[in-house]
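Participant: Below is a structure I'd like to ask you about.
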Number of protein chains: 2
Amino acid sequence: MAMDERARHLLRSLIEQHIANGVPVGSRQLARDAGLNISPATVRNVMADLEDEGYLISPHTSAGRIPTHVGYRFFVDALLRVVPLSAESHRLLIHRIGHRAPDTEQVLHAATEVLSELTHMAGFVRVPRRATRTLRHVDFLALREKEVLAIFVTDKGDVENRLIRTEHALGAAELTQAANFFNDTYGGRPLQDVIHNLQTDLLQSRHEMDRILRSAMELGEEMLEEDQQRMLIEGEFQLLDLPELAGSDRLRELLNAVRQKRDLVHLLDESMRGSEVRLFIGEESGFAPLSDCSVVSAPYTVDGEVLGVLGVIGPMRMPYQQIIPLVDGTAHLLGRALSQS
Amino acid sequence: MAMDERARHLLRSLIEQHIANGVPVGSRQLARDAGLNISPATVRNVMADLEDEGYLISPHTSAGRIPTHVGYRFFVDALLRVVPLSAESHRLLIHRIGHRAPDTEQVLHAATEVLSELTHMAGFVRVPRRATRTLRHVDFLALREKEVLAIFVTDKGDVENRLIRTEHALGAAELTQAANFFNDTYGGRPLQDVIHNLQTDLLQSRHEMDRILRSAMELGEEMLEEDQQRMLIEGEFQLLDLPELAGSDRLRELLNAVRQKRDLVHLLDESMRGSEVRLFIGEESGFAPLSDCSVVSAPYTVDGEVLGVLGVIGPMRMPYQQIIPLVDGTAHLLGRALSQS
DNA sequence: GCTAGCACTCTTAATGGTTGAGTGCCAAGG
DNA sequence: CCTTGGCACTCAACCATTAAGAGTGCTAGC
């Protein structure tokens with residue numbers, strides 16, 4: 001059954017009030033603040049309908065009503081009036097992630113922090129995946145007897161390194177030779193390909209550098225695997241202040257889940273498909289520890305390519321009309337900042 | 001005034017009971033469990049004395065007594081019977097930090113985690129300072145026009161890198177030349193010296209590589225500065241479970257303080273002087289957010305040189321007799337694990 | 001110097017009454 | 001048929017009171 005105009009208006013008003021005050025909204029107050037000339041009794045009838053349809057719920061018999069996650073979903077999809085990003089916030093964003101050293105890592109970190117600060121919730125940035133990066137340069141460095149340091153550099157300046165134990169001592173010449181071979185053969189090619197080709201190449205040849213190359217390959221694989229986990233999070237502790245999550249048990253679960261990152265990353269990778277802001281409200285995420293929370297995320301892109309996704313985690317009851325443009329704006333600015341580097 | 005044998009015995013018994021149960025200990029229970037044949041009334045007299053001398057305090061008139069930080073201090077210094085590390089814990093420690101890839105970073109991380117897991121408190125490891133490290137190798141890599149990636153490698157295999165913007169494009173030959181100059185001049189020397197000498201050298205010469213070298217120096221400085229901050233922490237959230245800190249405000253302060261690391265690192269650097277386990281009980285740390293907590297720390301050494309310090313943060317009421325050997329053992333094993341790499 | 005006894009204090013939990021907010025439903029009115 | 005006022009009902013929150021229990025300090029006697 002379709003909701004009529006008045007019901008929509010009341011639902012919006014109720015949710016806005018609840019977001020603002022955090023307490024259940026009763027019929028009298030809603031009747032007064034909704035602006036319609038309607039008695040509380042009428043409002044009660046409408047609210048009863050909305051409850052039947054799953055948009056609202058009352059915590060107990062005599063306590064007004066609060067939105068369900070279904071209610072919030074309808075609210076953001078059909079009722080929300082997004083306010084443009086305030087000039088002040090915009091300035092701050094630019095200041096924090098626009099005027100930066102060209103270091104990717106630092107920019108990402110700054111974005112995470114500023115998200116957390118401006119929203120007073122937990123901010124996160126999913127770090128760009130390296131799978132599509134190309135291999136820029138490899139270096140093998142003899143640290144001491146039988147220990148070689150392998151250094152990988154990608155085209156974006158990501159550096160990864162690893163200590164490799166070798167069976168017999170290797171001279172500088174040999175290492176240079178191995179590095180040259182590696183660079184000549186694989187330089188400039190996407191990391192994924194490098195790993196893959198290296199695997200088949202190693203099966204055929206019995207090059208004396210095998211061991212080093214094999215270790216190097218493992219390092220590459222690790223880089224790709226590590227990718228799966230790389231996410232910056234800041235301001236988790238702000239979640240401690242939220243009265244709605246105060247029940248300590250839930251909260252610890254949440255904080256641990258956030259720290260583990262695994263499932264969260266999975267969730268976010270899903271949301272990288274679209275190109276717009278995306279919301280997971282309450283149980284929608286299908287991820288139990290988040291069932292009292294909402295996640296607002298937006299992918300950031302460089303030259304039209306989606307590199308990662310960023311956003312915030314907070315209570316279901318958050319000021320979506322401000323959070324959404326903020327997350328959106330941050331994603332755009334981050335994309336711009338990264339395209340300069 | 002000296003404490004007589006009986007008072008010491010009662011104090012120990014009281015603290016042990018309080019550590020075990022977490023509730024204030026009354027005269028009746030103490031009289032029963034202390035093993036002496038003494039009436040509660042007598043115990044009360046002794047307890048009153050101990051309270052006068054600052055070892056105990058009662059939360060309110062009719063609630064038994066709990067130790068003060070002075071009481072705990074006396075307890076650990078004079079009364080504590082340290083139990084040897086359980087075989088089980090020892091096995092776990094070895095398994096987690098003994099059998100590891102030779103990667104320093106990974107070993108440190110594993111140590112942090114295992115400390116947190118075994119104690120159910122927050123575990124930390126202060127990362128070895130690089131100030132005394134020697135410079136192994138420097139590499140300059142042209143990433144693209146006017147961007148150079150500088151890579152520093154220390155003798156222990158620490159790698160640090162930074163993107164440098166240059167004024168005009170530099171060819172591979174020039175970069176190799178710069179790197180060679182750098183390696184020839186400063187290779188094998190302590191980082192501190194490198195920075196220092198580079199500073200004076202740059203003032204004199206007007207080498208055309210100035211800009212790169214200067215940036216490289218800044219990178220080195222950053223490495224040293226960053227040192228001040230580098231500490232791994234794991235399991236902060238376990239502190240959420242502690243009933244004694246449940247008062248949300250204190251706890252958030254604590255978590256934030258731990259996250260900031262600054263003051264904590266300062267505190268720990270103090271404790272690196274000795275070579276033994278060290279305790280900061282309650283206010284002893286002189287650091288407000290920690291005033292309800294104790295820190296147990298131990299330096300870890302390789303070849304007799306103190307590299308860093310590790311330990312745990314938990315409530316004042318913790319089982320010191322087990323925590324102390326655990327922290328001690330972890331420090332030893334970590335030192336051993338690092339000496340192999 | 002130790003102990004028993006006693007009066008006293010203070011916390012904790014349970015109890016019950018009151019208040020106020022809010023609902024659901026019904027019957028009257030437009 | 002929708003709206004509205006009225007009314008009975010429910011429930012959480014608050015407050016005061018009570019009772020029980022734990023523990024202390026003090027004193028007097030052994």
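Every chain in the structure tokens has a letter given in the order shown (A, B, ...), and although residue numbers restart at 1 in each chain, ligands are simply numbered from 1 in the order shown.
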Determine, using only C-alpha atoms (C1' of nucleotides), which residues of chain C have any atom at most 12 Å from an atom of region 23-26 of chain D, and tabulate each with its shortest atom pair and distance in Å to one decimal place, rows ordered by chain and then rising number, as a Markdown table.

Facilitator:
| residue | atom | partner | partner_atom | distance |
| --- | --- | --- | --- | --- |
| C:DG5 | C1' | D:DC26 | C1' | 10.5 |
| C:DC6 | C1' | D:DC26 | C1' | 9.2 |
| C:DA7 | C1' | D:DC26 | C1' | 9.3 |
| C:DC8 | C1' | D:DT24 | C1' | 8.5 |
| C:DT9 | C1' | D:DT24 | C1' | 8.0 |
| C:DC10 | C1' | D:DG23 | C1' | 9.2 |
| C:DT11 | C1' | D:DG23 | C1' | 10.6 |

Participant: Output as a PyMOL selection string the set of chain B residues within 9 Å of chain A, with distances taken over only C-alpha atoms.

Facilitator: chain B and resi 101-103+136-137+141+143-144+149+151+154-165+237-238+240-241+248+252+255-256

Participant: Just list as JSON, numbers by chain whatever in region 168-288 of chain A DSSP marks as strand (DSSP E or B).

Facilitator: {"A": [190, 231, 232, 233, 234, 278, 279, 280, 281]}

Participant: For chain B against chain C, which residues fall within 12 Å using only C-alpha atoms (C1' of nucleotides), given as a ChimeraX atom specification?

Facilitator: /B:37-46,58-64

Participant: Can you work out which residues from chain D touch chain A at a cut-off of 7 Å (counting only C-alpha atoms (C1' of nucleotides)) and hand them back as a compact mmCIF listing (two decimals) with N, CA and C atoms (P, O5', C5', C4', C3', O3' and C1' of nucleotides), in the first residue's frame?

Facilitator:
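Result file follows (part-v6.txt):
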# COMPACT_ATOMS: atom_id res chain seq x y z
P DT D 3 -8.00 12.53 7.94
O5' DT D 3 -8.69 13.24 9.18
C5' DT D 3 -9.38 14.46 8.96
C4' DT D 3 -10.00 14.91 10.26
C3' DT D 3 -9.02 15.07 11.42
O3' DT D 3 -9.12 16.39 11.90
C1' DT D 3 -10.94 13.84 12.09
P DT D 4 -8.06 16.93 12.91
O5' DT D 4 -8.82 16.79 14.30
C5' DT D 4 -10.13 17.34 14.41
C4' DT D 4 -10.79 16.86 15.68
C3' DT D 4 -9.88 16.90 16.92
O3' DT D 4 -10.49 17.72 17.90
C1' DT D 4 -11.08 14.86 16.79
P DT D 10 -3.64 -1.88 31.76
O5' DT D 10 -2.28 -1.37 31.12
C5' DT D 10 -2.14 -1.34 29.70
C4' DT D 10 -0.75 -0.84 29.37
C3' DT D 10 0.33 -1.40 30.28
O3' DT D 10 1.42 -1.80 29.48
C1' DT D 10 0.40 0.97 30.29
P DC D 11 2.54 -2.77 30.04
O5' DC D 11 3.71 -1.73 30.28
C5' DC D 11 4.10 -0.89 29.20
C4' DC D 11 4.92 0.26 29.74
C3' DC D 11 5.97 -0.18 30.77
O3' DC D 11 7.24 0.08 30.22
C1' DC D 11 4.82 1.82 31.42

Participant: Give me, as a list in words, all polymer residues having an atom no more than 12 Å from Glu218 (chain B), counting only C-alpha atoms (C1' of nucleotides) and skipping those fewer than 2 positions away in the same chain.

Facilitator: Ala150, Phe152, Glu160, Asn161, Arg162, Leu163, Ile164, Leu191, Val194, Ile195, His196, Leu198, Gln199, Arg211, Ile212, Leu213, Arg214, Ser215, Ala216, Gly220, Glu221, Glu222, Met223, Leu224, Glu225 and Glu226 of chain B

Participant: Atoms to include: N, CA and C atoms. Write the selected residues as a compact mmCIF listing (two decimals), in the first residue's frame.

Facilitator:
# COMPACT_ATOMS: atom_id res chain seq x y z
N ALA B 150 63.38 8.31 -3.18
CA ALA B 150 64.59 8.03 -2.41
C ALA B 150 64.34 6.86 -1.48
N PHE B 152 66.00 4.52 1.57
CA PHE B 152 67.06 4.31 2.56
C PHE B 152 66.96 2.90 3.10
N GLU B 160 63.07 2.71 4.30
CA GLU B 160 62.21 3.88 4.35
C GLU B 160 62.30 4.57 3.00
N ASN B 161 61.20 5.13 2.55
CA ASN B 161 61.25 5.73 1.22
C ASN B 161 60.46 7.02 1.18
N ARG B 162 60.77 7.84 0.23
CA ARG B 162 60.06 9.10 0.12
C ARG B 162 60.14 9.65 -1.29
N LEU B 163 59.05 10.26 -1.66
CA LEU B 163 58.96 10.86 -2.98
C LEU B 163 59.53 12.28 -2.90
N ILE B 164 60.39 12.62 -3.84
CA ILE B 164 60.99 13.95 -3.84
C ILE B 164 60.66 14.64 -5.15
N LEU B 191 73.20 6.58 11.34
CA LEU B 191 72.26 7.52 10.77
C LEU B 191 72.41 8.93 11.35
N VAL B 194 75.18 10.66 9.80
CA VAL B 194 74.89 10.99 8.40
C VAL B 194 74.14 12.30 8.33
N ILE B 195 73.07 12.37 9.12
CA ILE B 195 72.27 13.59 9.12
C ILE B 195 73.13 14.79 9.46
N HIS B 196 73.87 14.63 10.51
CA HIS B 196 74.66 15.74 11.01
C HIS B 196 75.68 16.21 9.99
N LEU B 198 75.78 15.62 6.83
CA LEU B 198 75.15 16.07 5.61
C LEU B 198 74.77 17.53 5.75
N GLN B 199 74.32 17.87 6.96
CA GLN B 199 73.91 19.24 7.20
C GLN B 199 75.07 20.20 6.98
N ARG B 211 69.52 19.55 -4.13
CA ARG B 211 68.11 19.42 -3.80
C ARG B 211 67.78 17.99 -3.39
N ILE B 212 68.30 17.07 -4.15
CA ILE B 212 68.04 15.68 -3.82
C ILE B 212 68.64 15.31 -2.48
N LEU B 213 69.87 15.74 -2.30
CA LEU B 213 70.53 15.37 -1.05
C LEU B 213 69.81 15.99 0.14
N ARG B 214 69.37 17.22 -0.09
CA ARG B 214 68.69 17.88 1.01
C ARG B 214 67.40 17.11 1.37
N SER B 215 66.69 16.73 0.35
CA SER B 215 65.47 15.97 0.60
C SER B 215 65.79 14.64 1.27
N ALA B 216 66.86 14.04 0.81
CA ALA B 216 67.26 12.78 1.41
C ALA B 216 67.55 12.99 2.89
N GLY B 220 65.87 11.30 6.18
CA GLY B 220 66.60 10.72 7.30
C GLY B 220 66.15 11.33 8.61
N GLU B 221 65.98 12.63 8.61
CA GLU B 221 65.53 13.28 9.82
C GLU B 221 64.16 12.76 10.23
N GLU B 222 63.31 12.58 9.24
CA GLU B 222 61.99 12.08 9.53
C GLU B 222 62.05 10.68 10.13
N MET B 223 62.96 9.89 9.59
CA MET B 223 63.09 8.54 10.12
C MET B 223 63.43 8.60 11.60
N LEU B 224 64.34 9.50 11.92
CA LEU B 224 64.75 9.61 13.32
C LEU B 224 63.60 10.15 14.16
N GLU B 225 62.90 11.13 13.62
CA GLU B 225 61.81 11.72 14.36
C GLU B 225 60.68 10.72 14.57
N GLU B 226 60.38 10.03 13.50
CA GLU B 226 59.31 9.06 13.55
C GLU B 226 59.57 8.05 14.64

Participant: For CA of Ser339 (chain A) and CA of Ser271 (chain A), determine how far apart the two atoms are, in Å to one decimal place.

Facilitator: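 CA of Ser339 (chain A) sits 21.6 Å away from CA of Ser271 (chain A).
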
Participant: Between CA of Val125 (chain A) and CA of Pro289 (chain A), what distance in Å does the model show, to one decimal?

Facilitator: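 These atoms are spaced 19.3 Å apart.
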
Participant: Excluding region 13-22 of chain B and any residue of its chain fewer than 2 positions from it, enumerate the residues within 6 Å of it, using only C-alpha atoms (C1' of nucleotides), and give them as JSON, numbers by chain.

Facilitator: {"B": [10, 11, 34, 317]}

Participant: If we count only C-alpha atoms (C1' of nucleotides) and set the cut-off at 12 Å, which residues sit around Pro315 (chain B), ignoring sequence neighbours fewer than 6 positions away in its own chain? Please answer as a ChimeraX atom specification.

Facilitator: /B:19,22,69,72,119-122,238-246,251,254,280-283,289-296,323

Participant: May I have the residues from that selection written out with C-alpha atoms, as a PDB file, in the first residue's frame?

Facilitator:
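The file below, part_11.pdb, is the result:
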ATOM      1  CA  ILE B  19      43.579  -9.335  43.046  1.00  0.00           C
ATOM      2  CA  GLY B  22      38.255  -7.659  42.834  1.00  0.00           C
ATOM      3  CA  HIS B  69      49.145   2.255  44.833  1.00  0.00           C
ATOM      4  CA  TYR B  72      50.743  -2.424  45.566  1.00  0.00           C
ATOM      5  CA  THR B 119      47.266 -11.184  29.659  1.00  0.00           C
ATOM      6  CA  HIS B 120      43.863 -10.083  28.381  1.00  0.00           C
ATOM      7  CA  MET B 121      45.128  -6.561  28.654  1.00  0.00           C
ATOM      8  CA  ALA B 122      46.720  -4.103  26.245  1.00  0.00           C
ATOM      9  CA  GLN B 238      40.361  -5.588  26.335  1.00  0.00           C
ATOM     10  CA  LEU B 239      40.525  -2.664  28.717  1.00  0.00           C
ATOM     11  CA  LEU B 240      36.862  -2.060  28.040  1.00  0.00           C
ATOM     12  CA  ASP B 241      35.995  -5.147  30.032  1.00  0.00           C
ATOM     13  CA  LEU B 242      37.670  -4.023  33.184  1.00  0.00           C
ATOM     14  CA  PRO B 243      34.976  -3.250  35.701  1.00  0.00           C
ATOM     15  CA  GLU B 244      37.316  -0.961  37.621  1.00  0.00           C
ATOM     16  CA  LEU B 245      37.578   1.420  34.702  1.00  0.00           C
ATOM     17  CA  ALA B 246      33.993   1.187  33.600  1.00  0.00           C
ATOM     18  CA  LEU B 251      38.314   5.023  29.950  1.00  0.00           C
ATOM     19  CA  LEU B 254      42.913   6.332  28.638  1.00  0.00           C
ATOM     20  CA  PHE B 280      54.597   1.817  37.042  1.00  0.00           C
ATOM     21  CA  ILE B 281      51.753   1.453  39.462  1.00  0.00           C
ATOM     22  CA  GLY B 282      48.907   3.919  39.312  1.00  0.00           C
ATOM     23  CA  GLU B 283      50.005   7.491  39.800  1.00  0.00           C
ATOM     24  CA  PRO B 289      45.200   9.036  32.190  1.00  0.00           C
ATOM     25  CA  LEU B 290      47.197   6.122  33.516  1.00  0.00           C
ATOM     26  CA  SER B 291      46.530   6.863  37.146  1.00  0.00           C
ATOM     27  CA  ASP B 292      44.123   3.954  37.522  1.00  0.00           C
ATOM     28  CA  CYS B 293      46.387   1.600  35.650  1.00  0.00           C
ATOM     29  CA  SER B 294      49.655  -0.197  35.976  1.00  0.00           C
ATOM     30  CA  VAL B 295      52.270  -0.619  33.318  1.00  0.00           C
ATOM     31  CA  VAL B 296      54.602  -3.606  33.405  1.00  0.00           C
ATOM     32  CA  ILE B 323      52.334 -10.889  34.505  1.00  0.00           C
TER      33      ILE B 323
END

Participant: Write out as a PyMOL selection string all residues of region 59-115 of chain B that backbone DSSP assigns to alpha helix (DSSP H).

Facilitator: chain B and resi 69-74+87-93+104-115

Participant: Just N, CA and C atoms for this one: save the residues we selected as a tab-separated table (two decimals), in the first residue's frame.

Facilitator:
chain	number	residue	atom	x	y	z
B	69	HIS	N	48.00	2.53	45.70
B	69	HIS	CA	49.15	2.25	44.83
B	69	HIS	C	50.41	2.08	45.66
B	70	VAL	N	50.42	2.72	46.82
B	70	VAL	CA	51.55	2.50	47.73
B	70	VAL	C	51.56	1.05	48.21
B	71	GLY	N	50.36	0.55	48.51
B	71	GLY	CA	50.26	-0.83	48.95
B	71	GLY	C	50.74	-1.79	47.88
B	72	TYR	N	50.30	-1.56	46.67
B	72	TYR	CA	50.74	-2.42	45.57
B	72	TYR	C	52.26	-2.36	45.40
B	73	ARG	N	52.76	-1.16	45.52
B	73	ARG	CA	54.21	-1.00	45.34
B	73	ARG	C	54.97	-1.82	46.38
B	74	PHE	N	54.57	-1.70	47.64
B	74	PHE	CA	55.21	-2.49	48.68
B	74	PHE	C	55.06	-3.98	48.39
B	87	ALA	N	54.61	-23.71	31.64
B	87	ALA	CA	55.17	-24.37	30.46
B	87	ALA	C	54.31	-24.07	29.23
B	88	GLU	N	53.02	-24.02	29.49
B	88	GLU	CA	52.08	-23.79	28.39
B	88	GLU	C	52.30	-22.41	27.76
B	89	SER	N	52.37	-21.40	28.63
B	89	SER	CA	52.59	-20.06	28.12
B	89	SER	C	53.93	-19.99	27.38
B	90	HIS	N	54.92	-20.64	27.98
B	90	HIS	CA	56.24	-20.61	27.38
B	90	HIS	C	56.22	-21.20	25.97
B	91	ARG	N	55.54	-22.31	25.86
B	91	ARG	CA	55.41	-22.94	24.54
B	91	ARG	C	54.74	-21.98	23.56
B	92	LEU	N	53.67	-21.36	24.05
B	92	LEU	CA	52.94	-20.47	23.16
B	92	LEU	C	53.81	-19.30	22.71
B	93	LEU	N	54.56	-18.76	23.66
B	93	LEU	CA	55.44	-17.64	23.33
B	93	LEU	C	56.43	-18.05	22.25
B	104	THR	N	61.76	-8.37	10.91
B	104	THR	CA	61.70	-7.70	12.21
B	104	THR	C	60.30	-7.23	12.54
B	105	GLU	N	59.73	-6.55	11.60
B	105	GLU	CA	58.41	-5.96	11.82
B	105	GLU	C	57.39	-7.02	12.24
B	106	GLN	N	57.45	-8.14	11.58
B	106	GLN	CA	56.50	-9.21	11.89
B	106	GLN	C	56.71	-9.78	13.28
B	107	VAL	N	57.94	-9.95	13.64
B	107	VAL	CA	58.23	-10.50	14.97
B	107	VAL	C	57.73	-9.55	16.05
B	108	LEU	N	57.98	-8.27	15.86
B	108	LEU	CA	57.53	-7.30	16.85
B	108	LEU	C	56.02	-7.34	16.97
B	109	HIS	N	55.40	-7.44	15.84
B	109	HIS	CA	53.94	-7.48	15.84
B	109	HIS	C	53.43	-8.71	16.56
B	110	ALA	N	54.04	-9.82	16.28
B	110	ALA	CA	53.62	-11.06	16.94
B	110	ALA	C	53.79	-10.95	18.45
B	111	ALA	N	54.86	-10.33	18.88
B	111	ALA	CA	55.09	-10.18	20.32
B	111	ALA	C	54.00	-9.32	20.94
B	112	THR	N	53.65	-8.25	20.26
B	112	THR	CA	52.58	-7.39	20.79
B	112	THR	C	51.29	-8.17	20.95
B	113	GLU	N	50.97	-8.92	19.94
B	113	GLU	CA	49.72	-9.67	19.97
B	113	GLU	C	49.70	-10.70	21.08
B	114	VAL	N	50.78	-11.42	21.19
B	114	VAL	CA	50.78	-12.51	22.16
B	114	VAL	C	50.74	-11.95	23.58
B	115	LEU	N	51.37	-10.82	23.79
B	115	LEU	CA	51.30	-10.18	25.11
B	115	LEU	C	49.84	-9.87	25.44
